[in-house]
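S.K.: Contents of protein-v4.pdb (PDB, C-alpha atoms) are below:
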```
ATOM      1  CA  TYR A  53     -57.955   6.238 -43.625  1.00  0.00           C
ATOM      2  CA  TYR A  54     -54.931   7.518 -41.771  1.00  0.00           C
ATOM      3  CA  ALA A  55     -54.576   8.113 -38.061  1.00  0.00           C
ATOM      4  CA  TRP A  56     -51.797   9.449 -35.910  1.00  0.00           C
ATOM      5  CA  TRP A  57     -51.147   8.822 -32.237  1.00  0.00           C
ATOM      6  CA  ASN A  58     -48.704  10.338 -29.817  1.00  0.00           C
ATOM      7  CA  TRP A  59     -47.856   8.358 -26.725  1.00  0.00           C
ATOM      8  CA  SER A  60     -45.206   8.079 -24.051  1.00  0.00           C
ATOM      9  CA  ILE A  61     -44.068   4.630 -23.032  1.00  0.00           C
ATOM     10  CA  GLY A  62     -41.489   5.577 -20.427  1.00  0.00           C
ATOM     11  CA  SER A  63     -37.745   5.116 -20.053  1.00  0.00           C
ATOM     12  CA  PHE A  64     -35.736   2.168 -21.279  1.00  0.00           C
ATOM     13  CA  ALA A  65     -32.504   0.718 -20.062  1.00  0.00           C
ATOM     14  CA  PRO A  66     -29.642   0.614 -22.556  1.00  0.00           C
ATOM     15  CA  GLY A  67     -29.983  -2.243 -24.995  1.00  0.00           C
ATOM     16  CA  GLN A  68     -32.432  -3.586 -27.605  1.00  0.00           C
ATOM     17  CA  HIS A  69     -36.193  -3.383 -27.010  1.00  0.00           C
ATOM     18  CA  THR A  70     -39.336  -4.466 -28.894  1.00  0.00           C
ATOM     19  CA  VAL A  71     -42.676  -2.651 -28.638  1.00  0.00           C
ATOM     20  CA  ARG A  72     -45.906  -4.338 -29.747  1.00  0.00           C
ATOM     21  CA  LEU A  73     -49.132  -2.411 -30.408  1.00  0.00           C
ATOM     22  CA  SER A  74     -52.617  -3.867 -30.687  1.00  0.00           C
ATOM     23  CA  ILE A  75     -55.167  -1.440 -32.178  1.00  0.00           C
ATOM     24  CA  ASP A  76     -58.870  -1.999 -31.567  1.00  0.00           C
ATOM     25  CA  THR A  77     -60.702   1.209 -32.477  1.00  0.00           C
ATOM     26  CA  LEU A  78     -63.950   1.468 -30.531  1.00  0.00           C
ATOM     27  CA  ASN A  79     -63.892  -2.302 -30.064  1.00  0.00           C
ATOM     28  CA  SER A  80     -65.028  -2.655 -33.661  1.00  0.00           C
ATOM     29  CA  VAL A  81     -62.527  -5.340 -34.594  1.00  0.00           C
ATOM     30  CA  ASN A  82     -63.529  -8.922 -33.976  1.00  0.00           C
ATOM     31  CA  GLU A  83     -61.216 -10.878 -31.759  1.00  0.00           C
ATOM     32  CA  SER A  84     -60.525 -13.234 -34.652  1.00  0.00           C
ATOM     33  CA  MET A  85     -59.206 -10.311 -36.680  1.00  0.00           C
ATOM     34  CA  GLU A  86     -57.175  -8.590 -33.997  1.00  0.00           C
ATOM     35  CA  GLY A  87     -54.006 -10.222 -35.187  1.00  0.00           C
ATOM     36  CA  ASN A  88     -54.175  -8.107 -38.332  1.00  0.00           C
ATOM     37  CA  ASN A  89     -54.083  -4.978 -36.190  1.00  0.00           C
ATOM     38  CA  GLU A  90     -50.976  -5.812 -34.175  1.00  0.00           C
ATOM     39  CA  TYR A  91     -47.823  -3.941 -34.927  1.00  0.00           C
ATOM     40  CA  SER A  92     -44.328  -4.198 -33.478  1.00  0.00           C
ATOM     41  CA  PHE A  93     -41.033  -2.447 -33.900  1.00  0.00           C
ATOM     42  CA  THR A  94     -37.592  -2.962 -32.421  1.00  0.00           C
ATOM     43  CA  PHE A  95     -35.195  -0.242 -31.382  1.00  0.00           C
ATOM     44  CA  THR A  96     -31.903   0.131 -29.501  1.00  0.00           C
ATOM     45  CA  VAL A  97     -31.231   2.492 -26.622  1.00  0.00           C
ATOM     46  CA  ASN A  98     -27.581   3.486 -26.451  1.00  0.00           C
ATOM     47  CA  SER A  99     -25.957   3.999 -23.054  1.00  0.00           C
ATOM     48  CA  THR A 100     -25.008   7.561 -22.183  1.00  0.00           C
ATOM     49  CA  THR A 101     -22.939   6.582 -19.129  1.00  0.00           C
ATOM     50  CA  GLY A 102     -19.858   4.483 -18.435  1.00  0.00           C
ATOM     51  CA  SER A 103     -18.019   2.865 -15.533  1.00  0.00           C
ATOM     52  CA  VAL A 104     -14.625   2.825 -13.872  1.00  0.00           C
ATOM     53  CA  ARG A 105     -12.885   0.040 -11.964  1.00  0.00           C
ATOM     54  CA  VAL A 106      -9.869   0.814  -9.752  1.00  0.00           C
ATOM     55  CA  THR A 107      -7.355  -1.705  -8.408  1.00  0.00           C
ATOM     56  CA  ILE A 108      -5.101  -0.838  -5.435  1.00  0.00           C
ATOM     57  CA  SER A 109      -1.843  -2.491  -4.387  1.00  0.00           C
ATOM     58  CA  PRO A 110      -0.016  -3.806  -2.419  1.00  0.00           C
ATOM     59  CA  GLN A 111      -2.125  -6.082  -0.267  1.00  0.00           C
ATOM     60  CA  GLY A 112      -0.620  -4.564   2.889  1.00  0.00           C
ATOM     61  CA  ALA A 113      -2.114  -1.182   1.996  1.00  0.00           C
ATOM     62  CA  ILE A 114      -5.492  -2.779   1.308  1.00  0.00           C
ATOM     63  CA  ASP A 115      -5.356  -4.530   4.677  1.00  0.00           C
ATOM     64  CA  ALA A 116      -4.564  -1.151   6.263  1.00  0.00           C
ATOM     65  CA  GLY A 117      -7.748   0.350   4.780  1.00  0.00           C
ATOM     66  CA  ALA A 118      -6.752   1.800   1.402  1.00  0.00           C
ATOM     67  CA  GLN A 119      -9.761   2.919  -0.673  1.00  0.00           C
ATOM     68  CA  TRP A 120     -10.642   5.147  -3.629  1.00  0.00           C
ATOM     69  CA  ARG A 121     -13.513   7.326  -4.764  1.00  0.00           C
ATOM     70  CA  VAL A 122     -14.559   9.201  -7.883  1.00  0.00           C
ATOM     71  CA  ASP A 123     -15.451  12.904  -7.903  1.00  0.00           C
ATOM     72  CA  GLY A 124     -15.671  13.094  -4.105  1.00  0.00           C
ATOM     73  CA  GLY A 125     -18.287  10.341  -3.855  1.00  0.00           C
ATOM     74  CA  THR A 126     -18.468   7.224  -1.714  1.00  0.00           C
ATOM     75  CA  TRP A 127     -15.218   5.499  -0.778  1.00  0.00           C
ATOM     76  CA  ARG A 128     -14.804   2.170  -2.576  1.00  0.00           C
ATOM     77  CA  ASN A 129     -12.633  -0.904  -2.029  1.00  0.00           C
ATOM     78  CA  SER A 130     -10.031  -2.115  -4.500  1.00  0.00           C
ATOM     79  CA  GLY A 131     -11.587  -3.865  -7.510  1.00  0.00           C
ATOM     80  CA  TYR A 132     -14.985  -2.177  -7.203  1.00  0.00           C
ATOM     81  CA  THR A 133     -16.688  -0.994 -10.425  1.00  0.00           C
ATOM     82  CA  GLN A 134     -18.383   2.408 -10.174  1.00  0.00           C
ATOM     83  CA  SER A 135     -21.130   2.726 -12.811  1.00  0.00           C
ATOM     84  CA  GLY A 136     -23.444   5.514 -13.954  1.00  0.00           C
ATOM     85  CA  LEU A 137     -20.697   8.015 -14.739  1.00  0.00           C
ATOM     86  CA  SER A 138     -21.239  10.577 -17.465  1.00  0.00           C
ATOM     87  CA  SER A 139     -18.921  10.594 -20.458  1.00  0.00           C
ATOM     88  CA  GLY A 140     -15.862  12.769 -20.017  1.00  0.00           C
ATOM     89  CA  SER A 141     -13.163  13.360 -17.414  1.00  0.00           C
ATOM     90  CA  HIS A 142     -13.479  12.307 -13.780  1.00  0.00           C
ATOM     91  CA  THR A 143     -11.135  12.492 -10.777  1.00  0.00           C
ATOM     92  CA  ILE A 144     -10.039   9.431  -8.830  1.00  0.00           C
ATOM     93  CA  GLU A 145      -8.929  10.162  -5.246  1.00  0.00           C
ATOM     94  CA  PHE A 146      -7.222   7.865  -2.717  1.00  0.00           C
ATOM     95  CA  ASN A 147      -7.655   7.977   1.045  1.00  0.00           C
ATOM     96  CA  THR A 148      -4.941   8.556   3.629  1.00  0.00           C
ATOM     97  CA  ILE A 149      -3.870   5.609   5.793  1.00  0.00           C
ATOM     98  CA  THR A 150      -1.319   5.567   8.591  1.00  0.00           C
ATOM     99  CA  GLY A 151       2.140   4.382   7.621  1.00  0.00           C
ATOM    100  CA  TRP A 152       1.617   4.692   3.854  1.00  0.00           C
ATOM    101  CA  ILE A 153       2.273   7.432   1.286  1.00  0.00           C
ATOM    102  CA  THR A 154      -0.990   8.456  -0.394  1.00  0.00           C
ATOM    103  CA  PRO A 155      -0.927   8.292  -4.215  1.00  0.00           C
ATOM    104  CA  ASN A 156      -1.691  11.428  -6.226  1.00  0.00           C
ATOM    105  CA  ASN A 157      -5.148  11.914  -7.719  1.00  0.00           C
ATOM    106  CA  GLN A 158      -5.794  10.460 -11.152  1.00  0.00           C
ATOM    107  CA  THR A 159      -7.872  11.859 -14.014  1.00  0.00           C
ATOM    108  CA  VAL A 160      -9.677   9.196 -16.054  1.00  0.00           C
ATOM    109  CA  THR A 161     -11.762   9.483 -19.202  1.00  0.00           C
ATOM    110  CA  ILE A 162     -15.148   7.743 -19.201  1.00  0.00           C
ATOM    111  CA  ASN A 163     -16.721   6.574 -22.467  1.00  0.00           C
ATOM    112  CA  ALA A 164     -20.402   5.724 -22.796  1.00  0.00           C
ATOM    113  CA  GLY A 165     -21.121   2.023 -22.533  1.00  0.00           C
ATOM    114  CA  GLN A 166     -17.553   1.148 -21.546  1.00  0.00           C
ATOM    115  CA  THR A 167     -15.648   0.359 -18.344  1.00  0.00           C
ATOM    116  CA  THR A 168     -12.392   2.239 -17.815  1.00  0.00           C
ATOM    117  CA  THR A 169      -9.837   0.398 -15.674  1.00  0.00           C
ATOM    118  CA  THR A 170      -6.946   1.925 -13.744  1.00  0.00           C
ATOM    119  CA  SER A 171      -4.656   1.016 -10.849  1.00  0.00           C
ATOM    120  CA  GLU A 172      -2.545   2.708  -8.213  1.00  0.00           C
ATOM    121  CA  THR A 173       0.153   1.713  -5.714  1.00  0.00           C
ATOM    122  CA  TYR A 174       0.645   2.893  -2.146  1.00  0.00           C
ATOM    123  CA  THR A 175       4.227   3.148  -0.856  1.00  0.00           C
ATOM    124  CA  GLN A 176       4.984   2.241   2.738  1.00  0.00           C
ATOM    125  CA  GLU A 177       6.620   4.947   4.823  1.00  0.00           C
ATOM    126  CA  SER A 178      10.050   4.344   6.385  1.00  0.00           C
ATOM    127  CA  ARG A 179      11.661   5.224   9.699  1.00  0.00           C
ATOM    128  CA  THR A 180      15.298   5.426  10.815  1.00  0.00           C
ATOM    129  CA  ILE A 181      17.217   3.996  13.774  1.00  0.00           C
ATOM    130  CA  SER A 182      20.535   5.735  14.391  1.00  0.00           C
ATOM    131  CA  GLY A 183      23.265   6.240  16.933  1.00  0.00           C
ATOM    132  CA  TYR A 184      26.988   5.941  17.662  1.00  0.00           C
ATOM    133  CA  VAL A 185      29.348   3.120  18.511  1.00  0.00           C
ATOM    134  CA  ARG A 186      32.161   4.492  20.698  1.00  0.00           C
ATOM    135  CA  THR A 187      34.833   3.369  23.103  1.00  0.00           C
ATOM    136  CA  SER A 188      34.390   3.977  26.802  1.00  0.00           C
ATOM    137  CA  GLY A 189      36.534   7.065  26.290  1.00  0.00           C
ATOM    138  CA  GLY A 190      34.136   8.468  23.692  1.00  0.00           C
ATOM    139  CA  SER A 191      36.111   7.770  20.507  1.00  0.00           C
ATOM    140  CA  GLY A 192      34.113   6.575  17.541  1.00  0.00           C
ATOM    141  CA  ILE A 193      34.752   3.046  16.277  1.00  0.00           C
ATOM    142  CA  SER A 194      34.566   2.837  12.489  1.00  0.00           C
ATOM    143  CA  GLY A 195      33.688  -0.207  10.404  1.00  0.00           C
ATOM    144  CA  VAL A 196      31.320  -1.833  12.888  1.00  0.00           C
ATOM    145  CA  THR A 197      28.739  -3.970  11.079  1.00  0.00           C
ATOM    146  CA  MET A 198      25.159  -3.390  12.239  1.00  0.00           C
ATOM    147  CA  SER A 199      23.029  -6.400  11.407  1.00  0.00           C
ATOM    148  CA  GLY A 200      19.388  -5.473  10.890  1.00  0.00           C
ATOM    149  CA  ASP A 201      17.151  -3.998   8.199  1.00  0.00           C
ATOM    150  CA  SER A 202      19.168  -1.878   5.722  1.00  0.00           C
ATOM    151  CA  CYS A 203      21.815  -0.738   8.189  1.00  0.00           C
ATOM    152  CA  SER A 204      25.044   1.036   7.320  1.00  0.00           C
ATOM    153  CA  ALA A 205      28.381   0.203   8.924  1.00  0.00           C
ATOM    154  CA  THR A 206      29.691   2.861  11.290  1.00  0.00           C
ATOM    155  CA  ASP A 207      31.592   5.752   9.701  1.00  0.00           C
ATOM    156  CA  SER A 208      34.855   7.325  10.864  1.00  0.00           C
ATOM    157  CA  GLY A 209      33.029   8.932  13.783  1.00  0.00           C
ATOM    158  CA  GLY A 210      31.263   5.735  14.796  1.00  0.00           C
ATOM    159  CA  PHE A 211      27.848   6.857  13.468  1.00  0.00           C
ATOM    160  CA  TYR A 212      25.409   4.373  11.920  1.00  0.00           C
ATOM    161  CA  THR A 213      21.865   4.485  10.594  1.00  0.00           C
ATOM    162  CA  CYS A 214      19.292   1.833   9.730  1.00  0.00           C
ATOM    163  CA  THR A 215      16.270   2.374   7.481  1.00  0.00           C
ATOM    164  CA  VAL A 216      13.236   0.282   8.417  1.00  0.00           C
ATOM    165  CA  SER A 217       9.662   0.125   7.221  1.00  0.00           C
ATOM    166  CA  TYR A 218       6.862   1.708   9.250  1.00  0.00           C
ATOM    167  CA  GLY A 219       5.794  -0.693  12.005  1.00  0.00           C
ATOM    168  CA  TRP A 220       9.016  -2.706  11.792  1.00  0.00           C
ATOM    169  CA  SER A 221       9.981  -5.115  14.546  1.00  0.00           C
ATOM    170  CA  GLY A 222      13.366  -6.753  14.901  1.00  0.00           C
ATOM    171  CA  THR A 223      16.827  -6.727  16.437  1.00  0.00           C
ATOM    172  CA  ILE A 224      19.966  -4.747  15.580  1.00  0.00           C
ATOM    173  CA  THR A 225      23.295  -6.255  16.588  1.00  0.00           C
ATOM    174  CA  PRO A 226      26.759  -4.630  16.290  1.00  0.00           C
ATOM    175  CA  SER A 227      29.713  -6.839  15.413  1.00  0.00           C
ATOM    176  CA  MET A 228      33.407  -6.378  14.700  1.00  0.00           C
ATOM    177  CA  SER A 229      36.317  -8.716  15.081  1.00  0.00           C
ATOM    178  CA  GLY A 230      38.259  -8.099  18.290  1.00  0.00           C
ATOM    179  CA  TYR A 231      35.463  -6.177  20.037  1.00  0.00           C
ATOM    180  CA  THR A 232      32.610  -6.794  22.392  1.00  0.00           C
ATOM    181  CA  PHE A 233      29.691  -4.382  22.648  1.00  0.00           C
ATOM    182  CA  ASN A 234      27.405  -3.134  25.356  1.00  0.00           C
ATOM    183  CA  PRO A 235      24.552  -3.634  24.951  1.00  0.00           C
ATOM    184  CA  ALA A 236      25.068  -6.725  22.811  1.00  0.00           C
ATOM    185  CA  ASN A 237      22.006  -5.771  20.735  1.00  0.00           C
ATOM    186  CA  ARG A 238      18.794  -3.740  20.807  1.00  0.00           C
ATOM    187  CA  SER A 239      15.316  -5.099  20.076  1.00  0.00           C
ATOM    188  CA  TYR A 240      12.446  -3.058  18.634  1.00  0.00           C
ATOM    189  CA  SER A 241       8.723  -3.603  18.229  1.00  0.00           C
ATOM    190  CA  ASN A 242       6.332  -1.741  15.930  1.00  0.00           C
ATOM    191  CA  ILE A 243       8.547   1.227  15.071  1.00  0.00           C
ATOM    192  CA  THR A 244       6.344   4.205  14.151  1.00  0.00           C
ATOM    193  CA  SER A 245       8.791   7.074  14.749  1.00  0.00           C
ATOM    194  CA  ASN A 246      12.496   7.686  14.171  1.00  0.00           C
ATOM    195  CA  GLN A 247      14.742   6.275  16.894  1.00  0.00           C
ATOM    196  CA  THR A 248      17.846   8.352  17.713  1.00  0.00           C
ATOM    197  CA  ASN A 249      20.674   8.024  20.246  1.00  0.00           C
ATOM    198  CA  GLN A 250      20.686   4.238  19.958  1.00  0.00           C
ATOM    199  CA  ASP A 251      24.306   4.048  21.098  1.00  0.00           C
ATOM    200  CA  TYR A 252      26.693   1.194  21.876  1.00  0.00           C
ATOM    201  CA  THR A 253      30.004   1.038  23.722  1.00  0.00           C
ATOM    202  CA  GLY A 254      32.718  -1.096  22.189  1.00  0.00           C
ATOM    203  CA  SER A 255      35.590  -2.695  24.085  1.00  0.00           C
ATOM    204  CA  VAL A 256      38.702  -4.331  22.672  1.00  0.00           C
ATOM    205  CA  ILE A 257      38.980  -8.005  23.519  1.00  0.00           C
ATOM    206  CA  THR A 258      42.232  -8.460  25.445  1.00  0.00           C
ATOM    207  CA  THR A 259      43.902 -11.857  25.398  1.00  0.00           C
ATOM    208  CA  ILE A 260      46.296 -12.610  28.270  1.00  0.00           C
ATOM    209  CA  TYR A 261      48.633 -15.541  28.675  1.00  0.00           C
ATOM    210  CA  VAL A 262      49.442 -17.038  32.063  1.00  0.00           C
ATOM    211  CA  GLU A 263      52.228 -19.552  32.622  1.00  0.00           C
ATOM    212  CA  PRO A 264      54.034 -20.281  35.887  1.00  0.00           C
ATOM    213  CA  LEU A 265      57.439 -19.590  34.419  1.00  0.00           C
ATOM    214  CA  GLY A 266      56.273 -16.438  32.697  1.00  0.00           C
ATOM    215  CA  ILE A 267      57.322 -17.726  29.256  1.00  0.00           C
ATOM    216  CA  CYS A 268      53.965 -18.546  27.525  1.00  0.00           C
ATOM    217  CA  GLY A 269      55.702 -19.766  24.395  1.00  0.00           C
ATOM    218  CA  GLY A 270      56.620 -16.258  23.359  1.00  0.00           C
ATOM    219  CA  ASN A 271      53.047 -14.940  23.481  1.00  0.00           C
ATOM    220  CA  LEU A 272      52.606 -11.507  25.008  1.00  0.00           C
ATOM    221  CA  PRO A 273      51.492 -10.193  27.355  1.00  0.00           C
ATOM    222  CA  CYS A 274      52.552 -13.069  29.550  1.00  0.00           C
ATOM    223  CA  TYR A 275      52.023 -13.349  33.290  1.00  0.00           C
ATOM    224  CA  SER A 276      53.229 -15.877  35.788  1.00  0.00           C
ATOM    225  CA  LEU A 277      50.182 -15.451  38.011  1.00  0.00           C
ATOM    226  CA  ILE A 278      46.528 -15.517  36.909  1.00  0.00           C
ATOM    227  CA  GLN A 279      45.673 -12.598  39.164  1.00  0.00           C
ATOM    228  CA  ASP A 280      48.396 -10.464  37.606  1.00  0.00           C
ATOM    229  CA  GLY A 281      46.865 -11.089  34.191  1.00  0.00           C
ATOM    230  CA  ILE A 282      43.379 -10.251  35.407  1.00  0.00           C
ATOM    231  CA  ASP A 283      44.583  -7.069  37.033  1.00  0.00           C
ATOM    232  CA  ALA A 284      46.421  -6.043  33.880  1.00  0.00           C
ATOM    233  CA  ALA A 285      43.393  -6.725  31.705  1.00  0.00           C
ATOM    234  CA  GLY A 286      41.260  -4.668  34.066  1.00  0.00           C
ATOM    235  CA  ASP A 287      43.668  -1.750  33.789  1.00  0.00           C
ATOM    236  CA  GLY A 288      43.455  -1.926  30.014  1.00  0.00           C
TER
END
```
Will you turn the file into structure tokens for me?
M.R.:
Amino acid sequence: YYAWWNWSIGSFAPGQHTVRLSIDTLNSVNESMEGNNEYSFTFTVNSTTGSVRVTISPQGAIDAGAQWRVDGGTWRNSGYTQSGLSSGSHTIEFNTITGWITPNNQTVTINAGQTTTTSETYTQESRTISGYVRTSGGSGISGVTMSGDSCSATDSGGFYTCTVSYGWSGTITPSMSGYTFNPANRSYSNITSNQTNQDYTGSVITTIYVEPLGICGGNLPCYSLIQDGIDAAGDG
């Protein structure tokens, strides 16, 4: 005879599965014969979802708290694999962290049973330190070298600018042959905003020669008395 059954076994995870059936109608089959009434079949359940893994760089941004999320969900750390995503397009978003430029959103395509990988880079923000190098009379001194992080030499008006990374710490020192500067340098710690009016005053180094006979081997200016030379240098 023929018989038909309808049954529901439940849900299966993606992958291969085997179902075994043992039929004993009204307990009429002897236990020794039950093996002849066992049936099995194997089937495969295909995945309908996929995953995405996102890597963030540089390490400094990660240390500062950079994260990502998909479709407005939970924020994830760099390298995390988000599973259970339906096939199709999804939006990857990156969070905002202080001192770094947030990357634009990404659109990724998810395929069933596969992991899509993508990466993104944060760019550190920059700040500027600027000012003038002038004489005591207010005239700009051009060509002064400003040692520091990406500093320009002073222009014809004595203006300079330095570009530093967000949170920078360090020292900027002006230098030029034949000059001294006040202050001699400026130190900075954890720069988070632009620094303006970082000015210096430059003074020409005056060399005086003092010799009792007022000859000094032909070097000028020459003074016979030390005090005369000091007074003259002070006037200059």
S.K.: Of the residues A:Thr167, A:Ser103, A:Thr206, A:Gln158, which is the one nearest to Ser138 (chain A), using only C-alpha atoms?
M.R.: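 So, comparing all the options, the nearest one is A:Ser103.
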S.K.: Here is a test: counting only C-alpha atoms, which residue of A:Ala118, A:Ala205, A:Met228, A:Ile243 is nearest to Ile153 (chain A)?
M.R.: A:Ala118
S.K.: Measure the distance from CA of Asp201 (chain A) to CA of Thr232 (chain A) in Å and round it to one decimal.
M.R.: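 That distance, rounded to one decimal, is 21.2 Å.
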S.K.: How many Å separate CA of Ser227 (chain A) from CA of Gly254 (chain A)?
M.R.: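 For CA of Ser227 (chain A) relative to CA of Gly254 (chain A), the distance reads 9.4 Å.
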S.K.: Of the candidates A:Thr161, A:Ser188, A:Thr100, A:Thr148, which one gets nearest to Ala116 (chain A) if we count all atoms listed in the file?
M.R.: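 Answer, going by the shortest atom-to-atom distance: A:Thr148.
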S.K.: Smallest atom-to-atom distance to Thr253 (chain A): which of A:Gly192, A:Gly151, A:Gly131, A:Gly219, using all atoms listed in the file?
M.R.: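 Between A:Gly192, A:Gly151, A:Gly131, A:Gly219, the residue approaching Thr253 (chain A) most closely is A:Gly192.
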S.K.: Find the residue from A:Gln176, A:Thr213, A:Asn156, A:Asn242 that sits nearest to Trp120 (chain A); use only C-alpha atoms when measuring.
M.R.: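 Answer, going by the shortest atom-to-atom distance: A:Asn156.
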S.K.: Report, in Å with one decimal, the straight-line distance from CA of Ser199 (chain A) to CA of Asn249 (chain A).
M.R.: 17.1 Å
S.K.: Smallest atom-to-atom distance to Val122 (chain A): which of A:Val216, A:Ile108, A:Val256, A:Leu137, using all atoms listed in the file?
M.R.: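 Looking at the shortest contact to Val122 (chain A), the residue is A:Leu137.
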